[in-house]
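As provided, upload_11.txt (compact mmCIF, C-alpha atoms) reads as follows.
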# COMPACT_ATOMS: atom_id res chain seq x y z
CA MET A 110 22.09 369.75 120.91
CA LYS A 111 22.11 366.20 122.20
CA LEU A 112 25.25 364.55 123.55
CA CYS A 113 25.31 360.82 124.19
CA VAL A 114 27.83 359.45 126.70
CA LEU A 115 28.57 355.74 126.30
CA GLY A 116 29.75 354.45 129.65
CA GLY A 117 27.53 356.93 131.45
CA ALA A 118 28.14 355.39 134.88
CA GLY A 119 31.89 355.74 134.47
CA PHE A 120 33.97 357.78 136.90
CA ARG A 121 34.88 360.34 134.23
CA THR A 122 31.31 361.30 133.39
CA PRO A 123 31.15 364.12 136.00
CA PHE A 124 34.09 365.85 134.33
CA VAL A 125 32.18 366.00 131.05
CA HIS A 126 29.01 367.09 132.84
CA GLN A 127 30.86 369.85 134.69
CA ALA A 128 32.26 371.19 131.41
CA LEU A 129 28.74 371.26 129.94
CA LEU A 130 27.33 373.02 133.00
CA ARG A 131 29.87 375.83 132.63
CA ASP A 132 29.48 376.18 128.87
CA THR A 133 27.64 379.40 128.01
CA GLY A 134 28.02 379.25 124.22
CA SER A 135 25.28 378.70 121.67
CA PRO A 136 24.21 376.21 120.56
CA ARG A 137 24.92 374.22 123.69
CA VAL A 138 24.11 370.71 124.85
CA GLU A 139 20.54 370.64 126.16
CA GLU A 140 20.14 366.87 126.47
CA LEU A 141 22.72 364.52 127.95
CA ALA A 142 21.92 360.87 127.23
CA LEU A 143 23.76 358.48 129.54
CA PHE A 144 24.08 354.90 128.33
CA ASP A 145 25.36 352.12 130.54
CA THR A 146 24.72 348.40 130.90
CA ASP A 147 24.48 348.60 134.72
CA PRO A 148 21.20 350.29 135.74
CA VAL A 149 22.10 350.45 139.44
CA ARG A 150 25.36 352.27 138.87
CA LEU A 151 23.73 354.46 136.25
CA ASP A 152 21.14 355.56 138.81
CA GLY A 153 23.93 356.31 141.27
CA MET A 154 25.86 358.40 138.77
CA VAL A 155 22.73 360.39 137.95
CA ARG A 156 22.52 361.28 141.66
CA VAL A 157 26.12 362.52 141.56
CA LEU A 158 25.43 364.65 138.49
CA ARG A 159 22.22 366.15 139.85
CA GLU A 160 23.94 367.22 143.06
CA MET A 161 26.68 368.88 141.02
CA ALA A 162 24.11 370.67 138.86
CA ALA A 163 22.13 372.04 141.82
CA GLU A 164 23.92 375.42 141.71
CA PHE A 165 23.22 375.94 138.00
CA THR A 166 19.99 377.41 136.63
CA ASP A 167 19.81 375.68 133.25
CA PRO A 168 21.61 372.32 133.33
CA PRO A 169 21.32 369.84 130.46
CA ARG A 170 18.45 367.40 130.81
CA LEU A 171 19.71 363.98 131.90
CA ALA A 172 18.38 360.97 130.00
CA PRO A 173 19.80 357.76 131.52
CA THR A 174 19.13 354.51 129.68
CA THR A 175 20.37 350.95 129.19
CA ASP A 176 19.09 350.96 125.59
CA LEU A 177 21.90 351.80 123.16
CA ALA A 178 19.59 352.74 120.29
CA GLU A 179 17.58 355.07 122.52
CA ALA A 180 20.74 356.74 123.77
CA LEU A 181 22.14 357.27 120.27
CA ARG A 182 18.97 358.26 118.44
CA GLY A 183 19.21 361.88 117.25
CA SER A 184 22.55 362.59 118.94
CA ASP A 185 24.73 365.36 117.55
CA PHE A 186 27.83 364.07 119.35
CA VAL A 187 28.72 360.75 120.95
CA PHE A 188 31.32 360.55 123.70
CA ALA A 189 32.56 356.98 124.14
CA ALA A 190 34.27 355.89 127.37
CA VAL A 191 33.38 352.25 127.96
CA ARG A 192 35.24 349.39 129.62
CA VAL A 193 34.32 346.01 128.17
CA GLY A 194 34.87 343.41 130.88
CA GLY A 195 34.89 346.03 133.63
CA LEU A 196 37.71 346.54 136.10
CA LEU A 197 37.90 342.78 136.67
CA GLY A 198 38.94 342.47 133.01
CA ARG A 199 41.63 345.09 133.57
CA CYS A 200 42.93 343.14 136.57
CA ARG A 201 43.25 340.05 134.40
CA ASP A 202 44.92 342.05 131.61
CA GLU A 203 47.59 342.95 134.13
CA ARG A 204 47.91 339.63 135.98
CA VAL A 205 48.16 337.32 132.96
CA ALA A 206 51.17 339.30 131.76
CA LEU A 207 52.79 339.69 135.19
CA ASP A 208 52.40 335.97 135.91
CA LEU A 209 54.53 335.39 132.81
CA GLY A 210 57.10 337.99 133.84
CA VAL A 211 55.92 340.61 131.34
CA LEU A 212 54.75 344.15 131.99
CA GLY A 213 51.00 344.30 132.60
CA GLN A 214 49.54 347.73 131.80
CA GLU A 215 46.11 348.85 130.66
CA THR A 216 47.10 350.25 127.25
CA THR A 217 50.79 349.49 126.77
CA GLY A 218 52.11 346.05 125.95
CA PRO A 219 50.25 342.72 126.24
CA GLY A 220 47.56 344.13 128.55
CA GLY A 221 46.67 346.75 125.97
CA ILE A 222 46.41 344.11 123.25
CA ALA A 223 44.08 341.97 125.38
CA TYR A 224 41.99 345.05 126.16
CA ALA A 225 41.77 345.83 122.44
CA LEU A 226 40.77 342.29 121.50
CA ARG A 227 37.66 342.35 123.66
CA THR A 228 36.81 346.04 123.10
CA VAL A 229 37.08 346.45 119.31
CA PRO A 230 34.13 344.15 118.42
CA PHE A 231 31.76 346.08 120.68
CA MET A 232 33.00 349.48 119.51
CA VAL A 233 32.64 348.47 115.84
CA HIS A 234 29.05 347.49 116.72
CA VAL A 235 28.62 350.92 118.33
CA ALA A 236 29.89 352.57 115.13
CA GLU A 237 27.33 350.62 113.10
CA GLN A 238 24.57 351.73 115.50
CA VAL A 239 25.72 355.34 115.27
CA ARG A 240 25.51 355.10 111.48
CA ARG A 241 21.93 353.86 111.86
CA TYR A 242 20.55 356.07 114.64
CA ALA A 243 22.73 359.21 114.52
CA PRO A 244 24.17 359.34 111.00
CA ALA A 245 25.32 362.97 111.28
CA ALA A 246 26.96 362.60 114.69
CA HIS A 247 30.65 362.96 115.42
CA VAL A 248 32.12 360.35 117.76
CA LEU A 249 34.66 361.51 120.33
CA ASN A 250 36.37 358.34 121.44
CA PHE A 251 38.04 358.08 124.83
CA THR A 252 37.66 354.30 125.07
CA ASN A 253 41.06 352.68 125.49
CA PRO A 254 43.23 351.68 123.78
CA ALA A 255 42.11 354.94 122.17
CA GLY A 256 44.21 354.82 119.01
CA ILE A 257 43.26 351.24 118.20
CA VAL A 258 39.56 351.73 118.94
CA THR A 259 39.41 354.96 116.96
CA GLU A 260 41.04 353.32 113.92
CA ALA A 261 38.64 350.37 114.08
CA MET A 262 35.59 352.65 114.29
CA GLN A 263 36.82 354.80 111.40
CA ALA A 264 36.44 351.76 109.14
CA VAL A 265 32.69 352.27 109.63
CA LEU A 266 32.28 356.02 110.15
CA GLY A 267 35.36 357.54 108.54
CA ASP A 268 36.63 360.89 109.77
CA ARG A 269 33.55 361.47 111.94
CA VAL A 270 35.38 359.43 114.59
CA LEU A 271 38.30 361.02 116.37
CA GLY A 272 40.18 359.96 119.45
CA ILE A 273 40.86 362.21 122.40
CA CYS A 274 43.40 361.83 125.18
CA ASP A 275 44.18 364.25 127.99
CA THR A 276 47.87 363.34 128.27
CA PRO A 277 49.29 365.44 125.37
CA SER A 278 47.16 368.50 126.15
CA GLY A 279 48.08 368.22 129.84
CA LEU A 280 51.77 368.03 128.92
CA VAL A 281 51.54 371.15 126.75
CA ARG A 282 49.72 373.07 129.48
CA ARG A 283 52.24 372.11 132.16
CA VAL A 284 55.24 373.00 129.98
CA ALA A 285 53.65 376.36 129.17
CA ASP A 286 52.96 376.96 132.87
CA GLN A 287 56.59 376.27 133.75
CA LEU A 288 57.63 378.87 131.18
CA GLY A 289 55.08 381.40 132.46
CA LEU A 290 53.11 381.32 129.21
CA ASP A 291 49.41 381.10 128.42
CA HIS A 292 48.92 377.54 127.13
CA ARG A 293 46.18 378.83 124.82
CA ARG A 294 48.73 380.94 122.93
CA VAL A 295 51.36 378.30 122.21
CA ARG A 296 51.63 375.95 119.25
CA PRO A 297 52.93 372.47 120.06
CA ASP A 298 55.12 370.38 117.78
CA TYR A 299 53.92 366.95 118.86
CA VAL A 300 54.07 363.67 116.98
CA GLY A 301 53.23 360.06 117.75
CA LEU A 302 50.54 357.50 118.38
CA ASN A 303 48.21 357.38 121.35
CA HIS A 304 50.30 356.87 124.51
CA LEU A 305 53.43 356.94 122.36
CA GLY A 306 54.37 360.49 121.44
CA TRP A 307 56.88 363.29 121.90
CA LEU A 308 56.61 367.06 122.41
CA ARG A 309 59.46 368.20 120.16
CA GLY A 310 58.87 371.93 120.30
CA LEU A 311 56.57 374.65 121.61
CA ARG A 312 56.25 377.85 119.63
CA HIS A 313 55.22 381.12 121.24
CA ASP A 314 55.01 384.22 119.02
CA GLY A 315 56.90 382.26 116.38
CA VAL A 316 59.77 381.22 118.66
CA ASP A 317 60.40 377.68 119.89
CA VAL A 318 60.58 378.03 123.69
CA LEU A 319 61.11 374.35 124.54
CA PRO A 320 64.95 374.69 124.45
CA ARG A 321 64.59 377.36 127.14
CA LEU A 322 62.86 374.86 129.41
CA LEU A 323 65.40 372.12 128.72
CA THR A 324 68.29 374.37 129.78
CA ASP A 325 66.60 375.75 132.92
CA ASP A 326 67.39 373.41 135.82
CA ALA A 327 64.66 374.75 138.12
CA SER A 328 61.84 374.79 135.57
CA LEU A 329 62.73 371.44 134.06
CA GLY A 330 63.15 369.84 137.48
CA ALA A 331 59.65 370.96 138.46
CA LEU A 332 58.11 369.18 135.46
CA GLU A 333 56.50 365.80 136.19
CA GLU A 334 58.29 364.20 133.26
CA ALA A 335 61.65 365.04 134.85
CA ALA A 336 60.67 362.88 137.81
CA VAL A 337 59.46 360.12 135.49
CA PHE A 338 62.36 360.03 133.00
CA GLY A 339 65.13 362.08 134.60
CA ALA A 340 66.03 365.59 133.48
CA GLY A 341 69.21 364.32 131.82
CA TRP A 342 67.28 361.98 129.52
CA LEU A 343 64.92 364.78 128.48
CA ARG A 344 67.92 366.90 127.53
CA THR A 345 69.47 363.97 125.67
CA LEU A 346 66.27 363.47 123.68
CA GLY A 347 65.79 367.20 123.13
CA ALA A 348 62.07 366.53 123.61
CA ILE A 349 59.52 365.73 126.31
CA PRO A 350 58.08 362.20 125.92
CA ASN A 351 54.50 361.26 126.66
CA GLU A 352 54.51 359.79 130.18
CA TYR A 353 53.54 356.34 128.83
CA LEU A 354 56.94 356.07 127.17
CA TYR A 355 58.16 355.34 130.71
CA TYR A 356 57.24 351.73 130.00
CA TYR A 357 59.70 351.70 127.08
CA TYR A 358 62.52 353.97 128.26
CA ARG A 359 62.56 352.50 131.78
CA HIS A 360 61.11 349.10 131.05
CA ARG A 361 63.18 347.15 133.58
CA GLU A 362 62.33 349.54 136.38
CA ALA A 363 58.66 349.52 135.47
CA LEU A 364 58.50 345.73 135.36
CA ARG A 365 60.43 345.36 138.62
CA SER A 366 58.08 347.81 140.33
CA ALA A 367 54.97 346.06 138.98
CA LEU A 368 56.19 342.63 140.06
CA ALA A 369 57.02 343.89 143.55
CA ALA A 370 53.73 345.69 144.12
CA GLU A 371 51.16 344.11 146.43
CA GLU A 372 48.39 344.92 143.98
CA THR A 373 48.09 346.10 140.39
CA ARG A 374 46.53 349.39 139.40
CA GLY A 375 43.39 347.55 138.28
CA GLU A 376 43.12 345.70 141.59
CA HIS A 377 43.49 348.97 143.48
CA LEU A 378 40.73 350.62 141.45
CA LEU A 379 38.50 347.55 141.74
CA SER A 380 38.75 347.83 145.52
CA THR A 381 38.35 351.60 145.86
CA GLN A 382 35.61 352.01 143.29
CA GLY A 383 33.80 348.96 144.63
CA ALA A 384 33.80 350.63 148.04
CA PHE A 385 32.40 353.80 146.45
CA TRP A 386 29.45 352.00 144.89
CA GLN A 387 28.71 350.17 148.14
CA ALA A 388 28.83 353.42 150.12
CA LEU A 389 26.67 355.20 147.55
CA ALA A 390 24.00 352.52 147.89
CA ARG A 391 23.82 353.16 151.65
CA THR A 392 23.27 356.91 151.45
CA ARG A 393 20.82 359.22 149.73
CA GLU A 394 22.83 362.44 150.25
CA GLY A 395 26.41 363.46 149.64
CA ALA A 396 26.79 361.48 146.41
CA ALA A 397 28.90 364.19 144.76
CA GLN A 398 31.27 364.50 147.71
CA LEU A 399 31.65 360.75 147.89
CA TRP A 400 32.63 360.73 144.22
CA ARG A 401 35.10 363.58 144.79
CA SER A 402 36.82 361.76 147.63
CA THR A 403 37.15 358.58 145.58
CA VAL A 404 38.47 360.42 142.52
CA ASN A 405 41.04 362.33 144.59
CA GLU A 406 42.33 359.06 146.00
CA ARG A 407 42.39 357.57 142.50
CA ASN A 408 44.28 360.54 141.06
CA ALA A 409 46.85 360.57 143.88
CA THR A 410 48.01 357.08 142.90
CA TYR A 411 47.93 357.50 139.10
CA MET A 412 51.13 356.08 137.54
CA ALA A 413 52.66 355.92 141.03
CA GLU A 414 55.23 353.39 139.79
CA ALA A 415 56.64 356.02 137.43
CA ARG A 416 56.77 358.66 140.16
CA GLY A 417 58.45 356.55 142.79
CA GLY A 418 55.24 356.14 144.77
CA THR A 419 54.87 359.88 145.32
CA ALA A 420 51.24 360.88 145.80
CA ALA A 421 49.89 363.77 143.78
CA GLU A 422 47.83 366.49 145.40
CA HIS A 423 44.50 367.62 144.03
CA PRO A 424 41.91 370.17 145.14
CA ASP A 425 38.76 369.40 147.06
CA ARG A 426 36.74 369.63 143.83
CA PRO A 427 38.60 367.50 141.26
CA GLU A 428 36.09 368.32 138.54
CA LEU A 429 37.47 371.89 138.59
CA ASP A 430 41.14 370.89 138.62
CA PRO A 431 42.80 371.74 135.27
CA ASP A 432 44.94 368.61 135.66
CA GLN A 433 41.78 366.50 135.57
CA GLN A 434 39.68 368.40 133.05
CA GLY A 435 41.94 367.78 130.08
CA TYR A 436 39.94 365.31 128.04
CA ALA A 437 36.59 366.89 128.98
CA GLY A 438 37.96 370.25 127.87
CA VAL A 439 39.21 368.72 124.64
CA ALA A 440 35.82 367.12 124.03
CA LEU A 441 33.97 370.40 124.65
CA GLY A 442 36.45 372.28 122.47
CA VAL A 443 35.90 369.87 119.58
CA MET A 444 32.12 370.12 119.92
CA ALA A 445 32.27 373.94 120.02
CA ALA A 446 34.55 374.09 117.00
CA ILE A 447 32.29 371.85 114.91
CA SER A 448 28.89 373.12 116.04
CA ARG A 449 29.76 376.85 116.35
CA ASP A 450 32.67 377.07 113.90
CA GLU A 451 34.94 378.22 116.73
CA ARG A 452 38.16 377.16 115.00
CA THR A 453 40.74 375.68 117.33
CA THR A 454 43.86 373.52 117.25
CA MET A 455 44.21 370.44 119.46
CA ILE A 456 46.33 367.30 119.68
CA LEU A 457 43.96 364.54 118.57
CA ASN A 458 43.94 360.97 117.29
CA VAL A 459 43.04 361.38 113.63
CA ARG A 460 43.49 359.65 110.28
CA ASN A 461 47.04 360.16 109.05
CA ARG A 462 46.32 361.30 105.48
CA GLY A 463 50.01 361.75 104.69
CA THR A 464 50.84 363.73 107.83
CA ILE A 465 53.52 361.17 108.68
CA ALA A 466 54.79 359.94 105.33
CA SER A 467 56.11 356.58 106.52
CA LEU A 468 52.81 355.43 108.04
CA PRO A 469 49.69 354.26 106.15
CA GLU A 470 47.27 356.92 104.94
CA ASP A 471 44.42 355.48 107.02
CA ALA A 472 46.47 354.87 110.18
CA VAL A 473 45.37 356.82 113.24
CA VAL A 474 48.12 359.09 114.56
CA GLU A 475 48.25 361.57 117.42
CA VAL A 476 49.17 365.02 116.09
CA PRO A 477 48.01 368.65 116.25
CA ALA A 478 44.87 369.15 114.18
CA ALA A 479 42.71 372.10 113.24
CA VAL A 480 39.02 371.71 114.04
CA ASP A 481 36.20 373.78 112.56
CA ALA A 482 32.71 373.41 111.14
CA ASP A 483 34.12 371.33 108.28
CA GLY A 484 35.60 368.76 110.64
CA VAL A 485 39.11 367.81 111.75
CA HIS A 486 42.23 368.49 109.68
CA PRO A 487 45.68 367.20 110.79
CA LEU A 488 48.35 369.86 110.45
CA THR A 489 51.58 369.47 108.52
CA THR A 490 54.36 368.27 110.79
CA ASP A 491 58.09 367.66 110.48
CA PRO A 492 59.01 363.98 110.01
CA PRO A 493 59.79 362.04 113.18
CA ASP A 494 63.41 361.01 113.69
CA LEU A 495 64.48 357.41 113.05
CA HIS A 496 64.08 356.35 116.67
CA GLN A 497 60.57 357.80 116.93
CA LEU A 498 59.51 356.49 113.53
CA GLY A 499 60.84 353.00 114.16
CA LEU A 500 58.95 352.67 117.43
CA MET A 501 55.80 354.15 115.89
CA GLN A 502 55.91 351.78 112.93
CA GLN A 503 56.40 348.70 115.09
CA VAL A 504 53.60 349.64 117.49
CA LYS A 505 51.30 350.60 114.61
CA ALA A 506 51.87 347.15 113.08
CA VAL A 507 50.89 345.60 116.42
CA GLU A 508 47.75 347.77 116.56
CA ARG A 509 46.67 346.71 113.09
CA HIS A 510 47.18 343.02 113.84
CA ALA A 511 45.13 343.46 117.01
CA ILE A 512 42.29 345.09 115.05
CA ALA A 513 42.30 342.30 112.46
CA ALA A 514 42.28 339.67 115.21
CA ALA A 515 39.34 341.32 116.95
CA VAL A 516 37.29 341.98 113.81
CA TYR A 517 37.79 338.57 112.19
CA GLY A 518 38.35 336.38 115.25
CA ASP A 519 41.75 335.38 113.86
CA ARG A 520 44.13 333.81 116.41
CA ASP A 521 47.10 334.08 114.04
CA GLU A 522 46.62 337.83 113.86
CA ALA A 523 46.41 337.97 117.66
CA LEU A 524 49.63 335.97 117.93
CA ARG A 525 51.35 338.41 115.56
CA ALA A 526 50.18 341.32 117.71
CA PHE A 527 51.66 339.84 120.88
CA ALA A 528 54.86 338.52 119.29
CA LEU A 529 55.72 341.75 117.44
CA HIS A 530 55.22 344.09 120.38
CA PRO A 531 58.51 345.70 121.51
CA LEU A 532 57.82 344.76 125.14
CA VAL A 533 57.38 341.04 124.33
CA ASP A 534 60.69 339.37 123.54
CA SER A 535 59.71 335.83 122.56
CA VAL A 536 57.32 334.12 120.16
CA ALA A 537 56.90 331.30 122.70
CA LEU A 538 55.94 333.92 125.28
CA ALA A 539 53.44 335.39 122.82
CA HIS A 540 51.76 331.97 122.56
CA ASP A 541 51.57 331.77 126.35
CA LEU A 542 50.11 335.27 126.60
CA LEU A 543 47.42 334.55 124.03
CA ASP A 544 46.51 331.24 125.69
CA GLY A 545 46.45 332.91 129.10
CA TYR A 546 44.13 335.70 128.04
CA VAL A 547 41.78 333.31 126.26
CA GLU A 548 41.67 331.08 129.34
CA ARG A 549 41.15 333.81 131.94
CA ILE A 550 39.09 336.49 130.18
CA PRO A 551 35.74 335.27 128.78
CA GLU A 552 35.33 338.34 126.56
CA VAL A 553 38.68 337.58 124.86
CA ALA A 554 37.79 333.91 124.40
CA ALA A 555 34.49 334.95 122.82
CA VAL A 556 36.36 336.83 120.07
CA PHE A 557 37.76 333.55 118.73
CA ARG A 558 34.52 331.58 118.98
CA ARG A 559 32.64 333.69 116.44

Could you spell out this file's structure in structure tokens?
Amino acid sequence: MKLCVLGGAGFRTPFVHQALLRDTGSPRVEELALFDTDPVRLDGMVRVLREMAAEFTDPPRLAPTTDLAEALRGSDFVFAAVRVGGLLGRCRDERVALDLGVLGQETTGPGGIAYALRTVPFMVHVAEQVRRYAPAAHVLNFTNPAGIVTEAMQAVLGDRVLGICDTPSGLVRRVADQLGLDHRRVRPDYVGLNHLGWLRGLRHDGVDVLPRLLTDDASLGALEEAAVFGAGWLRTLGAIPNEYLYYYYRHREALRSALAAEETRGEHLLSTQGAFWQALARTREGAAQLWRSTVNERNATYMAEARGGTAAEHPDRPELDPDQQGYAGVALGVMAAISRDERTTMILNVRNRGTIASLPEDAVVEVPAAVDADGVHPLTTDPPDLHQLGLMQQVKAVERHAIAAAVYGDRDEALRAFALHPLVDSVALAHDLLDGYVERIPEVAAVFRR
């Protein structure tokens, strides 16, 4: 099989490559096409991957290219993880909002809308190219904002596009671990949108074991979400929220922390990853270890504002750390289920199709889904409560306005997206946000010049 990775020079590519190297099933990926617009970084990432593959006897053949059509042609699966505007664009997503006293975050709030505006047009173009050069391929989208991008691409490719995110699967695994259970033998009751969901239950041998966790002080206290939200709030909810709900449930604290920080997350990554690429250019050996060191530093500071600045610890080989393999494992699981008919159930971003009755049929939602040779099938789920549904409906409306703005170059739709977001509390502020992003991010301005 052929797998095409869009954003092949991205820092997450080695996780996907490592999963492929350790896959012994049949059929397996024999060709890994790596597409990126930066040939220098692409060459550097190929060095990292080849060092990692040295201990394996039959690694997939690497095919790096800056030609999108060449990368896609004949692919069985396409893994999309691109960043339109690069890390500099992310820095501006964050700073435009913060300069106006609003939370700046990559996928949540105004920053996520700006990211969507400049990303959706390119990803719709990618979908059209997939339809032309790889018409039978399934697209596994990890490009953020994942729910918005997946929904926009589905307008071209339908259900052959699905969104993947490591956060829900990581949450399920960690809850199962705290309960001493095999995460592969539990069935999660999870509902939401991408970066906006709740684990409401976890069934093991037919019994919901989540209440057991919520009443166990030691086990609950050891869960990351207890540090993020507070154990008392988790008990009050009777559920475990996706970590990104921190920006809603503790909005004032998140904004205060962001405004006080010396640098944004994007600025930190721009500095550390820039140093990686500079160091890589100066050496011909040790590329894989250099990547590992940079990724460990990156992971230690992930969502530090939600964890009180506490650094996470990771092993010397992050590509083997279960905490970091989530989305690569999900991607490989989806490919195995479709290509080998190895039926599995995963939490994915899929077309609603009545799963959540109060959302549009074609809206992308994040729910457990069965995957097999016939594709992806969202499972029946209990309705969300009024609080969950209200937040989901409002954010879904924002997402749809953002898609319309990006596809049609419509400033009014963009203004609606900013003004209606729960984390933006003023129409006047929405005008300022839109003007600020157009002024400071060329890729956003280009959307409205078409």

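Proximity ranking of A:Leu311, A:Tyr353, A:Ala190, A:Thr403 relative to Leu389 of chain A places A:Thr403 first, based on only C-alpha atoms.
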
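With all atoms listed in the file taken into account, the protein and nucleic acid residues at most 9 Å from Leu271 of chain A (excluding it and anything under 2 positions from it in its own chain) are His247, Val248, Leu249, Asn250, Phe251, Gly256, Thr259, Glu260, Gln263, Asp268, Arg269, Ile273, Leu457, Asn458, Val459, Arg460, Val473 and Val485 of chain A.
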
### Task
Using only C-alpha atoms, determine which residues lie at most 6 Å from segment 131-139 of chain A, disregarding the query and same-chain residues fewer than 6 positions distant; provide the list as a ChimeraX atom specification.
/A:110-111,169

### Query
Could you work out how far atom CA of Ala437 of chain A lies from atom CA of Val258 of chain A, giving the answer in Å with one decimal?
18.4 Å

### Query
Between atom CA of Ala409 of chain A and atom CA of Arg227 of chain A, what is the distance, to one decimal in Å?
28.7 Å

#### Entry: Best match for closeness to Tyr358 of chain A among A:Ala478, A:Leu329, A:Leu379, A:Leu346, counting only C-alpha atoms
A:Leu346

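Residues in contact with Ala261 of chain A at 8 Å, where all atoms listed in the file are counted and same-chain residues fewer than 5 positions away are skipped, are listed as Val229, Met232, Val233 and Ile512 of chain A.
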
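Of the residues listed (A:Ala390, A:Leu158, A:Ala243, A:Val281), A:Val281 shows the shortest atom-to-atom separation from Ile456 of chain A; distances use all atoms listed in the file.
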
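Here atom CA of Leu498 of chain A is placed at a distance of 24.1 Å from atom CA of Ala514 of chain A.
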
### Summary
Across A:His486, A:Arg309, A:Arg156, A:His360, the smallest distance to Ala348 of chain A, with only C-alpha atoms counted, is shown by A:Arg309

### Query
Contacts of Leu319 of chain A at 10 Å or less, counting only C-alpha atoms, minus same-chain residues fewer than 3 places along, as a VMD selection string?
chain A and resid 284 to 285 288 297 to 298 308 to 313 316 322 to 324 347 to 349

### Query
Need the neighbours of (51.9, 361.6, 122.5): which residues are at most 9 Å away, counting all atoms listed in the file, as a PyMOL selection string?
chain A and resi 274+276-277+299-308+350-354+456+475-476

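Candidate residues A:Leu226, A:Ala236, A:Leu399, A:Ala384 were compared for distance to Ala523 of chain A, and the nearest is A:Leu226, using only C-alpha atoms.
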
Could you give me the axis-aligned bounding box of segment 296-308 of chain A, with 6 Å of padding per side, as centre plus edge lengths in Å to one decimal, as lines of an AutoDock Vina configuration file?
center_x = 52.5
center_y = 366.4
center_z = 120.7
size_x = 20.7
size_y = 31.1
size_z = 19.5

### Query
Neighbours of segment 364-378 of chain A within 12 Å (all atoms listed in the file; same-chain residues fewer than 6 positions away dropped), as a PyMOL selection string?
chain A and resi 120+195-216+218+220+355-358+384-386+403-404+406-418+532

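For the choices A:Thr174, A:Thr122, A:Ser467, A:Gln127, the atom-to-atom distance to Pro148 of chain A is smallest for A:Thr174 when using all atoms listed in the file.
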